[in-house]
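Structure file model_25.txt; described as compact mmCIF, C-alpha atoms.
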```txt
# COMPACT_ATOMS: atom_id res chain seq x y z
CA MET A 16 50.66 -40.35 -22.89
CA ALA A 17 48.15 -43.12 -23.53
CA ALA A 18 44.97 -42.91 -21.53
CA LYS A 19 44.94 -45.02 -18.41
CA LYS A 20 42.19 -47.61 -18.35
CA SER A 21 43.08 -49.52 -15.24
CA GLY A 22 46.00 -50.48 -13.07
CA ALA A 23 49.36 -48.82 -12.62
CA PRO A 24 50.96 -46.80 -15.37
CA THR A 25 53.66 -49.38 -15.86
CA ALA A 26 51.35 -52.38 -15.79
CA PHE A 27 51.77 -55.10 -18.37
CA PRO A 28 48.19 -55.87 -19.53
CA GLU A 29 47.56 -59.47 -20.50
CA LYS A 30 45.69 -58.54 -23.70
CA ALA A 31 48.56 -56.35 -24.87
CA ASN A 32 51.18 -59.06 -24.41
CA PRO A 33 51.78 -59.94 -28.09
CA ARG A 34 52.02 -56.29 -29.17
CA VAL A 35 54.20 -55.28 -26.23
CA TRP A 36 56.56 -58.19 -26.73
CA LEU A 37 56.86 -57.20 -30.38
CA TYR A 38 57.82 -53.64 -29.36
CA LEU A 39 60.35 -54.97 -26.85
CA VAL A 40 62.00 -57.31 -29.34
CA LEU A 41 62.12 -54.69 -32.11
CA LEU A 42 63.61 -52.05 -29.81
CA THR A 43 66.21 -54.52 -28.53
CA LEU A 44 67.27 -55.29 -32.09
CA GLN A 45 67.32 -51.60 -33.01
CA TYR A 46 69.43 -50.57 -30.01
CA GLY A 47 71.85 -53.44 -30.53
CA ALA A 48 72.23 -53.21 -34.29
CA GLN A 49 72.22 -49.41 -34.76
CA PRO A 50 75.96 -48.82 -34.14
CA LEU A 51 76.96 -51.67 -36.44
CA ILE A 52 74.53 -50.65 -39.19
CA SER A 53 75.58 -47.00 -39.05
CA LYS A 54 79.24 -47.91 -39.23
CA ARG A 55 78.65 -50.28 -42.15
CA PHE A 56 76.28 -48.20 -44.30
CA VAL A 57 77.21 -44.57 -43.54
CA ARG A 58 80.35 -43.58 -45.38
CA GLN A 59 82.92 -41.36 -43.69
CA GLU A 60 82.29 -38.48 -46.11
CA VAL A 61 78.55 -38.34 -45.34
CA ILE A 62 77.77 -34.97 -43.72
CA VAL A 63 76.56 -35.62 -40.17
CA THR A 64 73.92 -32.88 -40.23
CA SER A 65 72.34 -34.32 -43.37
CA SER A 66 71.88 -37.77 -41.82
CA VAL A 67 70.47 -36.30 -38.58
CA LEU A 68 67.99 -34.10 -40.46
CA ALA A 69 66.90 -37.01 -42.62
CA CYS A 70 66.31 -39.09 -39.48
CA GLU A 71 64.23 -36.34 -37.84
CA ILE A 72 62.07 -35.90 -40.95
CA THR A 73 61.54 -39.66 -41.13
CA LYS A 74 60.44 -39.71 -37.46
CA VAL A 75 57.87 -36.98 -38.13
CA ILE A 76 56.47 -38.90 -41.10
CA CYS A 77 56.26 -42.13 -39.06
CA ALA A 78 54.58 -40.40 -36.09
CA LEU A 79 52.05 -38.59 -38.30
CA PHE A 80 51.22 -41.83 -40.07
CA LEU A 81 50.61 -43.59 -36.75
CA ILE A 82 48.45 -40.72 -35.45
CA ALA A 83 46.42 -40.68 -38.69
CA ARG A 84 46.06 -44.45 -38.53
CA GLY A 85 44.53 -44.05 -35.07
CA GLY A 86 42.19 -41.30 -36.24
CA GLY A 87 43.75 -38.62 -34.05
CA LEU A 88 44.85 -36.02 -36.63
CA LYS A 89 41.76 -33.81 -36.20
CA LYS A 90 42.09 -33.73 -32.42
CA LEU A 91 45.80 -33.00 -32.81
CA TYR A 92 45.02 -30.05 -35.08
CA ASN A 93 42.38 -28.64 -32.71
CA ASP A 94 44.42 -29.00 -29.52
CA TRP A 95 47.85 -27.93 -30.75
CA THR A 96 49.26 -24.46 -29.90
CA LEU A 97 52.65 -22.97 -30.71
CA VAL A 98 53.28 -21.75 -27.17
CA GLY A 99 52.40 -25.12 -25.68
CA SER A 100 54.60 -26.91 -28.16
CA LEU A 101 57.65 -24.72 -27.51
CA THR A 102 57.12 -24.94 -23.76
CA ALA A 103 56.95 -28.72 -23.74
CA SER A 104 59.36 -29.67 -26.51
CA GLY A 105 61.54 -26.71 -27.49
CA LEU A 106 64.54 -27.15 -25.16
CA PRO A 107 64.56 -30.97 -25.20
CA ALA A 108 64.41 -30.85 -28.99
CA ALA A 109 67.43 -28.56 -29.25
CA ILE A 110 69.36 -30.76 -26.80
CA TYR A 111 68.47 -33.96 -28.66
CA ALA A 112 69.56 -32.40 -31.96
CA VAL A 113 73.04 -31.75 -30.57
CA GLN A 114 73.09 -35.20 -28.96
CA ASN A 115 72.24 -36.93 -32.24
CA SER A 116 75.05 -35.11 -34.03
CA LEU A 117 77.52 -36.20 -31.36
CA LEU A 118 76.33 -39.80 -31.61
CA GLN A 119 76.76 -39.79 -35.38
CA ILE A 120 80.37 -38.65 -34.93
CA SER A 121 81.00 -41.29 -32.28
CA TYR A 122 79.49 -44.11 -34.38
CA LYS A 123 82.23 -43.62 -36.95
CA ASN A 124 85.17 -43.64 -34.56
CA LEU A 125 84.38 -46.22 -31.88
CA ASP A 126 84.11 -49.98 -31.72
CA SER A 127 80.40 -50.88 -31.84
CA LEU A 128 80.27 -52.68 -28.48
CA THR A 129 82.33 -49.97 -26.77
CA PHE A 130 79.98 -47.33 -28.14
CA SER A 131 76.89 -49.18 -26.89
CA MET A 132 78.32 -49.67 -23.41
CA LEU A 133 79.56 -46.10 -23.03
CA ASN A 134 76.18 -44.93 -24.23
CA GLN A 135 74.61 -46.59 -21.17
CA THR A 136 76.10 -43.90 -18.90
CA LYS A 137 73.07 -41.83 -19.91
CA LEU A 138 71.22 -43.76 -17.19
CA PHE A 139 73.40 -42.10 -14.55
CA PHE A 140 72.83 -38.63 -15.96
CA THR A 141 69.12 -39.29 -16.35
CA ALA A 142 68.95 -40.16 -12.66
CA LEU A 143 70.98 -37.06 -11.75
CA PHE A 144 68.87 -34.60 -13.74
CA THR A 145 65.64 -36.30 -12.72
CA TYR A 146 66.60 -35.68 -9.10
CA ILE A 147 67.61 -32.06 -9.79
CA ILE A 148 64.51 -31.18 -11.85
CA LEU A 149 61.83 -33.49 -10.41
CA ARG A 150 63.34 -34.32 -6.99
CA GLN A 151 63.05 -38.03 -7.80
CA LYS A 152 65.22 -39.89 -5.30
CA GLN A 153 67.33 -43.03 -5.80
CA SER A 154 67.58 -46.09 -3.56
CA THR A 155 70.89 -47.20 -2.03
CA GLN A 156 71.07 -50.08 -4.52
CA GLN A 157 70.48 -47.69 -7.42
CA ILE A 158 73.27 -45.39 -6.27
CA GLY A 159 75.60 -48.40 -6.07
CA ALA A 160 74.52 -49.46 -9.55
CA LEU A 161 75.33 -46.03 -10.93
CA PHE A 162 78.85 -46.22 -9.47
CA LEU A 163 79.31 -49.61 -11.16
CA LEU A 164 78.31 -47.97 -14.42
CA ILE A 165 80.95 -45.26 -14.00
CA ILE A 166 83.63 -47.90 -13.33
CA ALA A 167 82.57 -49.72 -16.51
CA ALA A 168 82.83 -46.49 -18.52
CA VAL A 169 86.36 -45.89 -17.16
CA LEU A 170 87.40 -49.44 -18.09
CA LEU A 171 86.07 -48.95 -21.61
CA SER A 172 87.92 -45.66 -21.99
CA ILE A 173 91.17 -47.34 -20.90
CA GLY A 174 90.48 -50.23 -23.25
CA GLU A 175 89.94 -47.97 -26.24
CA GLY A 176 93.15 -46.06 -25.53
CA SER A 177 95.31 -49.14 -24.99
CA SER A 178 93.93 -51.60 -27.55
CA LYS A 179 94.92 -49.64 -30.65
CA ASP A 180 98.36 -50.15 -32.13
CA SER A 181 98.32 -46.74 -33.70
CA SER A 182 99.93 -43.36 -33.71
CA GLY A 183 99.22 -40.68 -31.14
CA SER A 184 97.08 -38.79 -33.63
CA ASN A 185 94.82 -41.81 -34.07
CA ALA A 186 94.54 -42.23 -30.29
CA ASP A 187 93.49 -38.58 -30.09
CA LEU A 188 90.90 -39.22 -32.80
CA ILE A 189 89.41 -42.10 -30.80
CA LEU A 190 89.34 -40.02 -27.61
CA PHE A 191 88.06 -36.69 -28.94
CA HIS A 192 85.90 -37.97 -31.81
CA GLY A 193 84.72 -41.21 -30.19
CA ILE A 194 84.76 -41.38 -26.39
CA VAL A 195 84.21 -37.69 -25.57
CA PRO A 196 81.26 -37.19 -27.99
CA VAL A 197 79.35 -40.24 -26.72
CA LEU A 198 79.87 -39.22 -23.07
CA VAL A 199 78.74 -35.64 -23.74
CA ALA A 200 75.76 -37.07 -25.64
CA SER A 201 74.93 -39.15 -22.55
CA VAL A 202 74.91 -36.02 -20.38
CA LEU A 203 72.61 -34.27 -22.85
CA SER A 204 70.39 -37.35 -23.06
CA GLY A 205 69.94 -37.36 -19.29
CA LEU A 206 69.03 -33.68 -19.23
CA ALA A 207 66.59 -34.01 -22.14
CA SER A 208 64.96 -37.11 -20.62
CA ALA A 209 64.29 -35.29 -17.36
CA LEU A 210 62.86 -32.31 -19.24
CA CYS A 211 60.62 -34.61 -21.31
CA GLN A 212 59.36 -36.31 -18.17
CA TRP A 213 58.54 -32.91 -16.69
CA ALA A 214 56.75 -31.90 -19.90
CA SER A 215 54.71 -35.09 -20.02
CA GLN A 216 53.59 -34.66 -16.41
CA VAL A 217 52.67 -30.98 -16.82
CA LYS A 218 51.51 -30.83 -20.45
CA LYS A 219 50.20 -34.39 -20.81
CA HIS A 220 51.67 -34.76 -24.30
CA THR A 221 51.42 -38.14 -26.07
CA SER A 222 54.64 -39.86 -27.12
CA TYR A 223 53.81 -39.32 -30.81
CA MET A 224 53.19 -35.61 -30.28
CA MET A 225 56.43 -35.17 -28.38
CA THR A 226 58.26 -37.01 -31.17
CA ILE A 227 56.84 -34.69 -33.84
CA GLU A 228 57.44 -31.47 -31.91
CA MET A 229 60.98 -32.33 -30.87
CA SER A 230 61.90 -33.49 -34.35
CA VAL A 231 60.58 -30.30 -35.95
CA VAL A 232 62.20 -27.95 -33.43
CA GLY A 233 65.43 -29.94 -33.47
CA SER A 234 65.53 -29.82 -37.26
CA LEU A 235 65.03 -26.04 -37.24
CA CYS A 236 67.90 -25.69 -34.75
CA LEU A 237 70.14 -27.81 -36.94
CA LEU A 238 69.21 -25.82 -40.06
CA ALA A 239 70.02 -22.60 -38.21
CA SER A 240 73.40 -23.99 -37.16
CA THR A 241 74.35 -24.74 -40.78
CA TYR A 242 74.68 -20.99 -41.43
CA LYS A 243 78.11 -20.96 -39.77
CA SER A 244 79.01 -24.60 -39.09
CA PRO A 245 81.49 -26.69 -41.12
CA ASP A 246 78.64 -29.05 -41.98
CA GLY A 247 76.65 -26.14 -43.40
CA GLU A 248 79.59 -25.11 -45.55
CA ALA A 249 80.01 -28.70 -46.75
CA ILE A 250 76.31 -28.91 -47.65
CA ARG A 251 76.47 -25.66 -49.62
CA GLN A 252 79.62 -26.81 -51.41
CA HIS A 253 78.84 -30.47 -52.09
CA GLY A 254 75.06 -30.78 -51.64
CA PHE A 255 72.82 -32.21 -48.91
CA PHE A 256 73.22 -35.85 -49.97
CA TYR A 257 77.00 -35.74 -50.49
CA GLY A 258 78.48 -39.20 -49.83
CA TRP A 259 75.05 -40.84 -49.60
CA THR A 260 74.16 -44.13 -51.24
CA PRO A 261 70.78 -45.87 -51.28
CA LEU A 262 72.05 -47.99 -48.38
CA THR A 263 72.56 -44.86 -46.22
CA TRP A 264 68.79 -44.75 -45.77
CA ILE A 265 68.89 -48.05 -43.86
CA PRO A 266 70.46 -46.67 -40.63
CA VAL A 267 68.49 -43.42 -41.02
CA ILE A 268 65.13 -45.22 -41.14
CA PHE A 269 66.28 -47.73 -38.52
CA ASN A 270 67.14 -44.92 -36.10
CA ALA A 271 63.86 -43.10 -36.76
CA VAL A 272 61.80 -46.22 -36.06
CA GLY A 273 63.80 -46.70 -32.87
CA GLY A 274 62.76 -43.24 -31.71
CA ILE A 275 59.10 -44.19 -32.16
CA LEU A 276 59.59 -47.52 -30.40
CA VAL A 277 61.15 -45.89 -27.33
CA GLY A 278 57.92 -44.00 -26.67
CA LEU A 279 55.76 -47.07 -27.28
CA VAL A 280 57.83 -49.31 -24.98
CA THR A 281 57.81 -46.69 -22.22
CA SER A 282 54.03 -46.23 -22.52
CA TYR A 283 53.04 -49.91 -22.75
CA ALA A 284 55.76 -51.76 -20.82
CA GLY A 285 57.24 -49.22 -18.41
CA GLY A 286 60.78 -48.39 -17.38
CA VAL A 287 61.66 -51.78 -15.88
CA ARG A 288 61.19 -53.68 -19.11
CA LYS A 289 62.89 -50.93 -21.05
CA GLY A 290 65.90 -51.53 -18.80
CA PHE A 291 65.93 -55.18 -19.84
CA VAL A 292 65.83 -54.02 -23.47
CA ILE A 293 68.97 -51.95 -22.89
CA VAL A 294 70.80 -54.91 -21.32
CA SER A 295 69.72 -57.27 -24.09
CA ALA A 296 70.82 -54.77 -26.72
CA LEU A 297 74.39 -54.90 -25.40
CA LEU A 298 74.44 -58.64 -25.98
CA VAL A 299 72.96 -58.15 -29.45
CA THR A 300 75.71 -55.66 -30.30
CA ALA A 301 78.45 -58.03 -29.11
CA LEU A 302 76.96 -60.92 -31.06
CA LEU A 303 76.49 -58.95 -34.29
CA GLN A 304 80.00 -57.49 -34.09
CA PHE A 305 81.49 -60.96 -33.71
CA ILE A 306 79.34 -62.41 -36.53
CA PHE A 307 79.78 -59.65 -39.12
CA ASP A 308 83.18 -58.17 -38.21
CA GLY A 309 84.83 -61.32 -36.87
CA LYS A 310 86.14 -59.20 -34.01
CA PRO A 311 85.82 -60.57 -30.47
CA PRO A 312 85.40 -58.05 -27.61
CA SER A 313 88.59 -56.66 -26.08
CA PHE A 314 89.74 -57.72 -22.59
CA TYR A 315 88.53 -54.44 -21.10
CA CYS A 316 85.15 -54.86 -22.78
CA LEU A 317 84.82 -58.31 -21.28
CA LEU A 318 85.59 -56.85 -17.85
CA ALA A 319 83.13 -54.00 -18.32
CA LEU A 320 80.26 -56.01 -19.81
CA PRO A 321 79.16 -57.78 -16.58
CA LEU A 322 79.49 -54.47 -14.70
CA VAL A 323 77.15 -52.77 -17.17
CA ILE A 324 74.65 -55.62 -17.07
CA THR A 325 74.74 -55.81 -13.26
CA SER A 326 74.43 -52.06 -12.80
CA ILE A 327 71.47 -51.59 -15.15
CA SER A 328 69.65 -54.68 -13.86
CA THR A 329 70.16 -53.60 -10.24
CA TYR A 330 69.03 -50.07 -11.00
CA GLN A 331 65.79 -51.30 -12.54
CA LYS A 332 65.13 -53.98 -9.89
CA TYR A 333 65.50 -51.86 -6.75
CA PRO A 334 63.59 -48.57 -7.16
CA TYR A 335 63.39 -46.03 -4.37
CA GLN A 336 60.64 -46.83 -1.88
CA GLN A 337 59.10 -44.01 0.13
CA VAL A 338 59.41 -44.79 3.84
CA LYS A 339 55.97 -44.73 5.39
CA LYS A 340 55.74 -42.86 8.68
CA LYS A 341 54.18 -44.82 11.51
CA GLU A 342 50.93 -43.35 12.72
CA ALA A 343 50.85 -42.37 16.37
```

Could you render the structure as structure tokens?
Amino acid sequence: MAAKKSGAPTAFPEKANPRVWLYLVLLTLQYGAQPLISKRFVRQEVIVTSSVLACEITKVICALFLIARGGGLKKLYNDWTLVGSLTASGLPAAIYAVQNSLLQISYKNLDSLTFSMLNQTKLFFTALFTYIILRQKQSTQQIGALFLLIIAAVLLSIGEGSSKDSSGSNADLILFHGIVPVLVASVLSGLASALCQWASQVKKHTSYMMTIEMSVVGSLCLLASTYKSPDGEAIRQHGFFYGWTPLTWIPVIFNAVGGILVGLVTSYAGGVRKGFVIVSALLVTALLQFIFDGKPPSFYCLLALPLVITSISTYQKYPYQQVKKKEA
């Protein structure tokens, strides 16, 4: 991570205000607009693996450019080792590769706002795996907030199943190719986040380095999976860019830049402000969906939205405080 000059790791330095606020605004827009942009510009016939690989390659290019711009390429070359890279980034990279594929499937089959809200359950799983791996405890308020988040996810699942005047086969499509993939992706996201936190504490990797390593390893895992997967067969039969148009690059690049911004926001602004980004992104998604699709949120979404906002805000506002023992 970035070198500490003074203050707490999550401090919000006065001199960095303009840059940090720019990162926060850009990440809010990216989080909120990504589902809508992907649904609008990625055609159904686009092979999921091809879009994920393109996104990972774009992230590597962006991270290398930023490292080179800061004059850190030589140090990166001298300090990097294969064993250290695999130890810090190998497993999280493989997990994130699977997660990204699941998210791409879910984008295509879920309402944009519903997707964004269900995707917030990753906070619960992040807390769970952080406790299991790092023994990081939660406050009573945080535990309550996580239960609110689960209730919201249940409401959204009910809403998706009941709001469609469609055949049973279409309902199954929404459930198994929309709701289930995004929830499984949330579990994987929580596990990978905890592993990345462990790696950053032990290996002291920068956010850019972690981005490059995980993207490369994740891409190799995806390429290996194409040997037997349906996506691999489709690529061999139709070509890597089957179904692509020039506009398909918009969500790919947008998603890659978002991956870079996550690391920057976490490093410069800390987890609390990142939580506000997540909440704001939900409102951005709802607004964009209404503006561009002319589709107001469903009744269940309206019920779930304040629960999601309340749960995430409460979770960020009331962190666990270590009880100090009174000295004798």

Problem set entry | Length of the CA of Asp126 in chain A to CA of Thr226 in chain A vector [Å] | 28.9 Å

Leu164 in chain A: which residues within 7 Å, counting only C-alpha atoms, same-chain residues fewer than 4 positions away excluded, as a compact mmCIF listing (two decimals) with C-alpha atoms, in the frame of the given file?
```txt
# COMPACT_ATOMS: atom_id res chain seq x y z
CA THR A 136 76.10 -43.90 -18.90
CA ALA A 160 74.52 -49.46 -9.55
CA ALA A 168 82.83 -46.49 -18.52
CA LEU A 322 79.49 -54.47 -14.70
CA VAL A 323 77.15 -52.77 -17.17
CA SER A 326 74.43 -52.06 -12.80
```

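Straight-line separation from CA of Gln135 in chain A to CA of Asn270 in chain A: 16.8 Å.
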
For this session: Tell me which of A:Leu79, A:Ile110, A:Leu39, A:Ile166 sits closest to Leu206 in chain A, counting all atoms listed in the file.
Result: A:Ile110

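Those residues that approach Leu41 in chain A to within 12 Å, counting all atoms listed in the file, are A:Arg34, A:Val35, A:Trp36, A:Leu37, A:Gln45, A:Tyr46, A:Gly47, A:Ala48, A:Gln49, A:Phe269, A:Asn270, A:Val272, A:Gly273, A:Gly274, A:Ile275, A:Leu276, A:Val277, A:Leu279, A:Val280, A:Lys289, A:Val292, A:Ile293, A:Ser295, A:Ala296, A:Val299; same-chain residues fewer than 4 positions away are not listed.
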
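Among the candidate residues A:Cys211, A:Ser328, A:Leu298, A:Tyr257, the one lying nearest to Thr102 in chain A is A:Cys211, with distances computed using only C-alpha atoms.
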
Box for range 147-162 of chain A: with edges along x, y and z, all listed atoms inside and 8 Å added on each side, what are the centre and edge lengths in Å to one decimal, as lines of an AutoDock Vina configuration file?
```
center_x = 70.3
center_y = -40.6
center_z = -6.9
size_x = 33.0
size_y = 34.9
size_z = 25.8
```

Exercise. Between A:Leu97, A:Leu163, A:Ala109, A:Ser104, which has the minimum distance to Leu235 in chain A (counting only C-alpha atoms)?
Worked result: A:Ala109
